[in-house]
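**Q** Take this structure, written in structure tokens, and hold onto it; I'll ask about it next.
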Amino acid sequence: MLVFGSVILEDGCYVGIHSSLGLNTRMGKGSRLGDLSWLEDDAEIPDGQSRLGSPAISAPVNLPRAHHTPRRAFLYGCGHLIALVLMELMVGLAALPVLALVVAGIAQVVVEGVYYGVILALFAAGPLSDVGFCLMSAAFRAVVWRRPHPGVYPVDSVLYLRKWSADFLMGVSRTAVLPLYTTLYLPPWLRLLGARVGARAELSTVSQISPEGLDIGEESFLADGVVIGRRRMFAGCFQMDVNRIGRRTFVGNNALMPVGASLGPTSLLGVLSTPPAGGVAEGGGMDWLGSPAFRLPARLKVGGFSDDELFRPSRGTYARRLLVDGIRIVAPGIITTSGLIGFVAAAHGVYLWLGIPGLVASLPILSFGVAMLEYLAVVVMKLAFMGRFRPVVKPLWSPYVWLNEAVNGSYETVAVGALASLLGTPFIGPLLRLLGCKVGRRVFLASILFSEFDLIEIGDHAAVNLGAVLQTHLFEDRIMKSSFVRVEDECAIGNHAVVLYDTRLQRGSKVAPLSLVMKGEVLPPFTSWGGIPIGSRATASAQP
């Protein structure tokens with residue numbers, strides 16, 4: 001069932017980072033919705049009032065005082081356009097060495113019948129592209145965006161254009177150098193960009209960070225989808241500040257740390273959670289969960305692993321991981337470069353056979369065919385490296401974890417892009433089954449944010465909406481724990497909701513947008529749930 005509804009935002013509204021508004025909602029003049037907050041369907045925030053949390057409740061949403069300046073809209077717009085063009089040119093220039101290498105390899109095959117150049121291009125394209133982008137972005141920050149002073153500044157300013165340009169490059173990095181994330185090669189690059197990253201800190205595929213304001217203690221862990229210090233926009237101004245994360249602290253998947261928020265040493269911020277207001281989280285040894293956050297009085301911890309397996313590996317172990325992380329970086333480049341060479345060869349053959357009209361008509365078919373071949377390469381890689389996924393408990397410094405991340409790197413870089421055009425269609429299910437996912441009939445999938453594919457079970461007529469995550473593993477305490485996520489017939493998971501492992505959504509149960517289903521929970525049939533975490537917020541749903 002497809003449902004439409006209106007969303008009305010009146011003058012002077014503020015909607016926080018990663019927040020979600022339901023259908024038929026209204027925000028009155030000057031109203032505010034805090035970070036990581038969900039306004040339920042048919043809800044309204046009266047003029048001048050504020051709401052916070054998922055689901056949103058009445059609470060203050062504090063913003064620094066805005067310092068207004070006279071409008072300079074035309075000049076600012078021209079400057080922004082120039083900055084956009086310059087950033088795109090810089091990204092293109094960073095890719096030129098790779099393109100030149102591929103073209104030279106193809107030319108060598110055509111002219112001399114020698115394949116050395118093509119083989120070199122296959123293996124060197126990925127690393128060369130990553131190195132080029134990393135050096136270019138580091139040089140840009142060294143010249144244009146040195147460490148700024150925290151504060152509140154007007155948007156219509158040269159300072160904001162510099163900040164926007166720096167953030168643009170960080171956003172592009174999520175595509176350009178995505179295989180670099182999660183590896184041991186990422187922290188050195190972030191240090192070049194101005195971040196303070198302690199020894200043996202782990203950064204997974206974080207969603208958004210501002211390196212100039214990032215201070216991470218040694219042996220800390222940032223999981224997938226984390227947002228830290230994203231610039232806060234309000235009333236024609238933006239805010240910058242430093243985010244500090246203490247030693248051996250864990251920040252969970254899709255957690256959000258607003259500008260200026262900090263966490264003390266040996267702390268934990270749970271999945272899809274935000275720190276408490278007022279700086280309370282700066283104390284050490286605290287565990288926080290939810291939006292708004294509450295302190296966990298107790299948390300089950302897995303033991304049995306040595307310090308060498310979790311925090312301080314031997315030199316030999318470190319070297320072996322460097323090798324596997326190198327495979328994670330190189331493999332997507334080999335797959336995509338092979339696809340590019342295959343596409344060019346096929347297009348050339350079609351041109352010789354059918355001429356320009358036939359080539360133009362066949363380009364969509366060729367593109368789709370190459371994308372599917374690249375996807376099949378990821379399937380083969382998964383089978384070769386991991387075989388069939390089963391529930392496991394493994395320490396961070398183990399080959400199982402590294403190889404799993406190598407497969408995830410190619411899946412996120414290659415497969416997700418290849419399948420993007422098929423989201424929401426009947427064709428996505430059969431392709432995911434090749435990876436090991438159990439996907440029923442007539443399933444609506446607008447999100448394929450999966451990892452251990454054999455542990456995903458989705459029943460008939462289910463719906464997984466945009467940005468929803470079926471989280472089959474967690475890395476708390478640097479220990480990987482994975483297990484099944486079972487979504488039965490006719491279930492619906494809302495936008496940007498997260499369902500943790502060892503859960504079972506029974507037939508017809510529904511999870512609202514921006515909600516967290518905790519591990520081990522079983523949702524009864526035909527019930528509706530919402531909130532971070534969903535807790536006991538259940539209401540009966542009409543059974544068809």
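We label chains A, B, ... in the order they appear in the structure tokens, count residues from 1 in each chain, and number ligands from 1 in the order shown.
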Set the distance at 7 Å and use only C-alpha atoms: which residues neighbour Gly105 of chain A once local chain neighbours fewer than 2 positions away are removed? I'd like the list as a PyMOL selection string.

**A** chain A and resi 101-103+107-109+117-118+121

**Q** If we count only C-alpha atoms and set the cut-off at 10 Å, which residues sit around segment 124-140 of chain A, ignoring sequence neighbours fewer than 6 positions away in its own chain? Please answer as a VMD selection string.

**A** chain A and resid 87 90 to 102 118 146 165 to 166 169 to 170 172 to 173 176 to 180 186 189 to 194 326 329 to 337

**Q** How would the residues just picked look written out with N, CA and C atoms as a CSV table (one decimal), in the first residue's frame?

**A**
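What follows is the written file out32.csv:
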chain,number,residue,atom,x,y,z
A,87,MET,N,34.8,22.5,-7.1
A,87,MET,CA,34.9,21.2,-6.4
A,87,MET,C,34.7,20.1,-7.4
A,90,MET,N,37.9,19.6,-9.3
A,90,MET,CA,38.9,19.0,-8.5
A,90,MET,C,38.7,17.5,-8.4
A,91,VAL,N,37.5,17.1,-8.3
A,91,VAL,CA,37.2,15.6,-8.2
A,91,VAL,C,37.5,15.0,-9.5
A,92,GLY,N,37.2,15.7,-10.6
A,92,GLY,CA,37.5,15.1,-11.9
A,92,GLY,C,39.0,15.0,-12.2
A,93,LEU,N,39.7,16.1,-11.8
A,93,LEU,CA,41.2,16.0,-11.9
A,93,LEU,C,41.8,14.9,-11.2
A,94,ALA,N,41.3,14.6,-10.0
A,94,ALA,CA,41.8,13.5,-9.2
A,94,ALA,C,41.7,12.2,-9.9
A,95,ALA,N,40.6,12.1,-10.7
A,95,ALA,CA,40.4,10.8,-11.4
A,95,ALA,C,41.1,10.7,-12.7
A,96,LEU,N,41.8,11.8,-13.2
A,96,LEU,CA,42.4,11.7,-14.5
A,96,LEU,C,43.5,10.7,-14.6
A,97,PRO,N,44.4,10.5,-13.6
A,97,PRO,CA,45.4,9.5,-13.7
A,97,PRO,C,44.9,8.1,-14.0
A,98,VAL,N,43.8,7.8,-13.3
A,98,VAL,CA,43.2,6.4,-13.5
A,98,VAL,C,42.6,6.3,-14.9
A,99,LEU,N,41.9,7.3,-15.4
A,99,LEU,CA,41.3,7.3,-16.7
A,99,LEU,C,42.4,7.2,-17.8
A,100,ALA,N,43.5,7.9,-17.6
A,100,ALA,CA,44.7,7.8,-18.5
A,100,ALA,C,45.3,6.4,-18.5
A,101,LEU,N,45.4,5.8,-17.3
A,101,LEU,CA,45.9,4.4,-17.2
A,101,LEU,C,45.0,3.4,-18.0
A,102,VAL,N,43.7,3.5,-17.8
A,102,VAL,CA,42.8,2.6,-18.5
A,102,VAL,C,42.8,2.8,-20.0
A,118,VAL,N,46.5,-3.4,-19.7
A,118,VAL,CA,45.2,-3.7,-19.1
A,118,VAL,C,45.3,-4.3,-17.7
A,146,ARG,N,42.1,25.6,6.8
A,146,ARG,CA,42.9,25.2,8.0
A,146,ARG,C,42.0,25.2,9.2
A,165,SER,N,32.7,23.7,0.9
A,165,SER,CA,33.6,23.1,0.0
A,165,SER,C,34.4,21.9,0.7
A,166,ALA,N,34.8,22.1,1.9
A,166,ALA,CA,35.5,21.1,2.6
A,166,ALA,C,34.6,19.9,2.9
A,169,LEU,N,33.8,17.7,-0.2
A,169,LEU,CA,34.9,16.7,-0.5
A,169,LEU,C,34.7,15.5,0.4
A,170,MET,N,34.4,15.8,1.7
A,170,MET,CA,34.2,14.6,2.6
A,170,MET,C,33.0,13.8,2.2
A,172,VAL,N,31.9,13.5,-1.0
A,172,VAL,CA,32.3,12.7,-2.2
A,172,VAL,C,33.2,11.5,-1.8
A,173,SER,N,33.9,11.7,-0.7
A,173,SER,CA,34.8,10.6,-0.3
A,173,SER,C,34.0,9.3,0.0
A,176,ALA,N,34.1,8.1,-3.6
A,176,ALA,CA,35.4,8.1,-4.3
A,176,ALA,C,36.3,7.1,-3.6
A,177,VAL,N,36.4,7.1,-2.3
A,177,VAL,CA,37.3,6.3,-1.5
A,177,VAL,C,36.6,5.4,-0.5
A,178,LEU,N,35.4,5.0,-0.8
A,178,LEU,CA,34.6,4.2,0.1
A,178,LEU,C,35.4,2.9,0.6
A,179,PRO,N,36.1,2.2,-0.3
A,179,PRO,CA,36.8,1.0,0.2
A,179,PRO,C,37.9,1.3,1.2
A,180,LEU,N,38.3,2.6,1.3
A,180,LEU,CA,39.3,3.0,2.3
A,180,LEU,C,38.7,2.9,3.8
A,186,LEU,N,42.6,4.3,6.8
A,186,LEU,CA,41.8,5.5,6.9
A,186,LEU,C,42.3,6.5,7.9
A,189,TRP,N,44.9,9.2,6.7
A,189,TRP,CA,44.3,10.2,5.8
A,189,TRP,C,43.6,11.2,6.6
A,190,LEU,N,42.8,10.8,7.6
A,190,LEU,CA,42.0,11.7,8.4
A,190,LEU,C,43.0,12.6,9.2
A,191,ARG,N,44.1,12.1,9.6
A,191,ARG,CA,45.1,13.0,10.3
A,191,ARG,C,45.6,14.0,9.3
A,192,LEU,N,45.8,13.7,8.1
A,192,LEU,CA,46.2,14.6,7.1
A,192,LEU,C,45.2,15.8,6.9
A,193,LEU,N,43.9,15.4,7.1
A,193,LEU,CA,42.8,16.4,6.9
A,193,LEU,C,42.7,17.2,8.2
A,194,GLY,N,43.4,16.9,9.2
A,194,GLY,CA,43.3,17.8,10.4
A,194,GLY,C,42.7,17.1,11.6
A,326,GLY,N,44.2,-4.3,2.3
A,326,GLY,CA,44.6,-3.9,1.0
A,326,GLY,C,43.8,-4.6,-0.1
A,329,ILE,N,40.6,-2.7,-0.5
A,329,ILE,CA,40.8,-1.5,-1.3
A,329,ILE,C,40.9,-1.8,-2.8
A,330,VAL,N,41.6,-2.8,-3.1
A,330,VAL,CA,41.9,-3.1,-4.5
A,330,VAL,C,40.8,-3.8,-5.2
A,331,ALA,N,40.1,-4.7,-4.5
A,331,ALA,CA,39.0,-5.6,-5.2
A,331,ALA,C,38.0,-4.7,-5.9
A,332,PRO,N,37.3,-3.7,-5.3
A,332,PRO,CA,36.3,-3.0,-6.0
A,332,PRO,C,36.9,-2.3,-7.3
A,333,GLY,N,38.1,-1.8,-7.2
A,333,GLY,CA,38.7,-1.2,-8.4
A,333,GLY,C,38.9,-2.2,-9.5
A,334,ILE,N,39.3,-3.4,-9.2
A,334,ILE,CA,39.5,-4.5,-10.2
A,334,ILE,C,38.1,-4.8,-10.9
A,335,ILE,N,37.1,-4.9,-10.1
A,335,ILE,CA,35.7,-5.2,-10.6
A,335,ILE,C,35.2,-4.1,-11.5
A,336,THR,N,35.3,-2.8,-11.0
A,336,THR,CA,34.7,-1.7,-11.8
A,336,THR,C,35.6,-1.4,-13.0
A,337,THR,N,36.9,-1.5,-12.9
A,337,THR,CA,37.8,-1.3,-14.1
A,337,THR,C,37.5,-2.4,-15.1

**Q** Just list as an MDAnalysis selection string whatever in segment 381-464 of chain A DSSP marks as alpha helix (DSSP H).

**A** chainID A and resid 381:385 399:410 416:419 428:435

**Q** Here is a test: counting only C-alpha atoms, which residue of A:Trp397, A:Tyr160, A:Phe4, A:Phe294 is nearest to Gln239 of chain A?

**A** A:Tyr160

**Q** Sorted by chain and rising residue number, which residues of segment 15-57 of chain A lie within 12 Å of segment 474-497 of chain A, and what are their closest atom pairs and distances in Å to one decimal, counting only C-alpha atoms, as JSON lines?

**A**
{"residue": "A:His18", "atom": "CA", "partner": "A:His496", "partner_atom": "CA", "distance": 9.0}
{"residue": "A:Ser19", "atom": "CA", "partner": "A:His496", "partner_atom": "CA", "distance": 9.6}
{"residue": "A:Ser20", "atom": "CA", "partner": "A:Asn495", "partner_atom": "CA", "distance": 8.4}
{"residue": "A:Leu21", "atom": "CA", "partner": "A:Asn495", "partner_atom": "CA", "distance": 10.4}
{"residue": "A:Gly22", "atom": "CA", "partner": "A:Asn495", "partner_atom": "CA", "distance": 10.0}
{"residue": "A:Leu36", "atom": "CA", "partner": "A:His496", "partner_atom": "CA", "distance": 10.4}
{"residue": "A:Ser37", "atom": "CA", "partner": "A:His496", "partner_atom": "CA", "distance": 11.4}
{"residue": "A:Trp38", "atom": "CA", "partner": "A:His496", "partner_atom": "CA", "distance": 10.5}
{"residue": "A:Glu40", "atom": "CA", "partner": "A:Gly494", "partner_atom": "CA", "distance": 11.7}
{"residue": "A:Ser54", "atom": "CA", "partner": "A:Ala497", "partner_atom": "CA", "distance": 10.8}

**Q** Counting only C-alpha atoms, which of A:Ala293, A:Ala361, A:Val7, A:Ala319 gets nearest to Pro533 of chain A?

**A**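 Selected residue with least distance to Pro533 of chain A: A:Ala293.
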
**Q** I'd like the interatomic distance between atom CA of Ser410 of chain A and atom CA of Gly387 of chain A, to a tenth of an Å.

**A**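 According to the coordinates, atom CA of Ser410 of chain A and atom CA of Gly387 of chain A are separated by 15.4 Å.
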
**Q** Please identify all polymer residues within 12 Å of Leu84 of chain A, counting only C-alpha atoms, omitting same-chain residues fewer than 2 positions from it, and present them as a list in words.

**A**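 Counting only the stated atoms, we get Gly77, Cys78, Gly79, His80, Leu81, Ile82, Leu86, Met87, Glu88, Leu89, Met90, Val91, Leu161, Arg162, Trp164, Ser165, Ala166, Asp167, Phe168 and Leu169 of chain A.
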
**Q** Write out, as a PDB file, in the first residue's frame, the residues just selected, with N, CA and C atoms.

**A**
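Output below, filename again.pdb:
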ATOM      1  N   GLY A  77      25.058  33.652  -3.869  1.00  0.00           N
ATOM      2  CA  GLY A  77      24.659  32.631  -4.841  1.00  0.00           C
ATOM      3  C   GLY A  77      25.709  32.434  -5.919  1.00  0.00           C
ATOM      4  N   CYS A  78      26.276  33.525  -6.420  1.00  0.00           N
ATOM      5  CA  CYS A  78      27.348  33.423  -7.424  1.00  0.00           C
ATOM      6  C   CYS A  78      28.566  32.700  -6.848  1.00  0.00           C
ATOM      7  N   GLY A  79      28.933  33.059  -5.620  1.00  0.00           N
ATOM      8  CA  GLY A  79      30.068  32.406  -4.985  1.00  0.00           C
ATOM      9  C   GLY A  79      29.842  30.922  -4.791  1.00  0.00           C
ATOM     10  N   HIS A  80      28.611  30.549  -4.421  1.00  0.00           N
ATOM     11  CA  HIS A  80      28.303  29.140  -4.208  1.00  0.00           C
ATOM     12  C   HIS A  80      28.380  28.367  -5.522  1.00  0.00           C
ATOM     13  N   LEU A  81      27.904  28.980  -6.595  1.00  0.00           N
ATOM     14  CA  LEU A  81      27.968  28.332  -7.906  1.00  0.00           C
ATOM     15  C   LEU A  81      29.421  28.112  -8.326  1.00  0.00           C
ATOM     16  N   ILE A  82      30.257  29.128  -8.123  1.00  0.00           N
ATOM     17  CA  ILE A  82      31.680  29.001  -8.462  1.00  0.00           C
ATOM     18  C   ILE A  82      32.329  27.896  -7.633  1.00  0.00           C
ATOM     19  N   LEU A  86      34.160  24.477  -9.052  1.00  0.00           N
ATOM     20  CA  LEU A  86      35.551  24.204  -8.713  1.00  0.00           C
ATOM     21  C   LEU A  86      35.704  22.851  -8.016  1.00  0.00           C
ATOM     22  N   MET A  87      34.780  22.521  -7.127  1.00  0.00           N
ATOM     23  CA  MET A  87      34.870  21.238  -6.440  1.00  0.00           C
ATOM     24  C   MET A  87      34.694  20.074  -7.415  1.00  0.00           C
ATOM     25  N   GLU A  88      33.759  20.201  -8.347  1.00  0.00           N
ATOM     26  CA  GLU A  88      33.566  19.133  -9.317  1.00  0.00           C
ATOM     27  C   GLU A  88      34.782  18.986 -10.223  1.00  0.00           C
ATOM     28  N   LEU A  89      35.413  20.108 -10.590  1.00  0.00           N
ATOM     29  CA  LEU A  89      36.629  20.041 -11.395  1.00  0.00           C
ATOM     30  C   LEU A  89      37.755  19.345 -10.629  1.00  0.00           C
ATOM     31  N   MET A  90      37.873  19.643  -9.347  1.00  0.00           N
ATOM     32  CA  MET A  90      38.926  19.016  -8.543  1.00  0.00           C
ATOM     33  C   MET A  90      38.721  17.507  -8.450  1.00  0.00           C
ATOM     34  N   VAL A  91      37.478  17.080  -8.251  1.00  0.00           N
ATOM     35  CA  VAL A  91      37.199  15.644  -8.188  1.00  0.00           C
ATOM     36  C   VAL A  91      37.527  14.991  -9.528  1.00  0.00           C
ATOM     37  N   LEU A 161      31.364  29.286   2.562  1.00  0.00           N
ATOM     38  CA  LEU A 161      31.691  28.651   1.284  1.00  0.00           C
ATOM     39  C   LEU A 161      32.927  27.763   1.423  1.00  0.00           C
ATOM     40  N   ARG A 162      33.887  28.188   2.220  1.00  0.00           N
ATOM     41  CA  ARG A 162      35.061  27.351   2.468  1.00  0.00           C
ATOM     42  C   ARG A 162      34.666  26.084   3.238  1.00  0.00           C
ATOM     43  N   TRP A 164      31.652  24.732   3.327  1.00  0.00           N
ATOM     44  CA  TRP A 164      30.823  23.903   2.446  1.00  0.00           C
ATOM     45  C   TRP A 164      31.696  23.110   1.477  1.00  0.00           C
ATOM     46  N   SER A 165      32.734  23.740   0.935  1.00  0.00           N
ATOM     47  CA  SER A 165      33.624  23.061  -0.008  1.00  0.00           C
ATOM     48  C   SER A 165      34.353  21.907   0.665  1.00  0.00           C
ATOM     49  N   ALA A 166      34.835  22.133   1.898  1.00  0.00           N
ATOM     50  CA  ALA A 166      35.512  21.062   2.628  1.00  0.00           C
ATOM     51  C   ALA A 166      34.559  19.906   2.914  1.00  0.00           C
ATOM     52  N   ASP A 167      33.328  20.218   3.314  1.00  0.00           N
ATOM     53  CA  ASP A 167      32.339  19.169   3.578  1.00  0.00           C
ATOM     54  C   ASP A 167      31.933  18.448   2.296  1.00  0.00           C
ATOM     55  N   PHE A 168      31.907  19.186   1.180  1.00  0.00           N
ATOM     56  CA  PHE A 168      31.579  18.568  -0.114  1.00  0.00           C
ATOM     57  C   PHE A 168      32.568  17.458  -0.439  1.00  0.00           C
ATOM     58  N   LEU A 169      33.849  17.740  -0.246  1.00  0.00           N
ATOM     59  CA  LEU A 169      34.868  16.724  -0.529  1.00  0.00           C
ATOM     60  C   LEU A 169      34.729  15.528   0.404  1.00  0.00           C
TER      61      LEU A 169
END

**Q** Distance atom CA of Cys237 of chain A-atom CA of Thr25 of chain A, one decimal place?

**A**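 Taking atom CA of Cys237 of chain A and atom CA of Thr25 of chain A, their separation equals 25.6 Å.
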
**Q** Extract, using only C-alpha atoms, all DNA, RNA and protein residues at most 9 Å from Ile17 of chain A, discarding same-chain residues fewer than 6 positions from it, and format them as an NGL selection string.

**A** :A and (34-37 or 230 or 232 or 256 or 258)

**Q** Please produce an output containing C-alpha atoms for each residue in the selection, written as a compact mmCIF listing (two decimals), in the first residue's frame.

**A**
# COMPACT_ATOMS: atom_id res chain seq x y z
CA GLY A 34 15.58 18.37 17.63
CA ASP A 35 18.25 16.06 16.22
CA LEU A 36 17.38 12.39 15.63
CA SER A 37 13.70 13.07 16.34
CA ARG A 230 27.83 17.77 11.03
CA ARG A 232 24.31 22.87 12.30
CA LEU A 256 24.53 10.98 16.05
CA PRO A 258 25.79 16.92 17.38
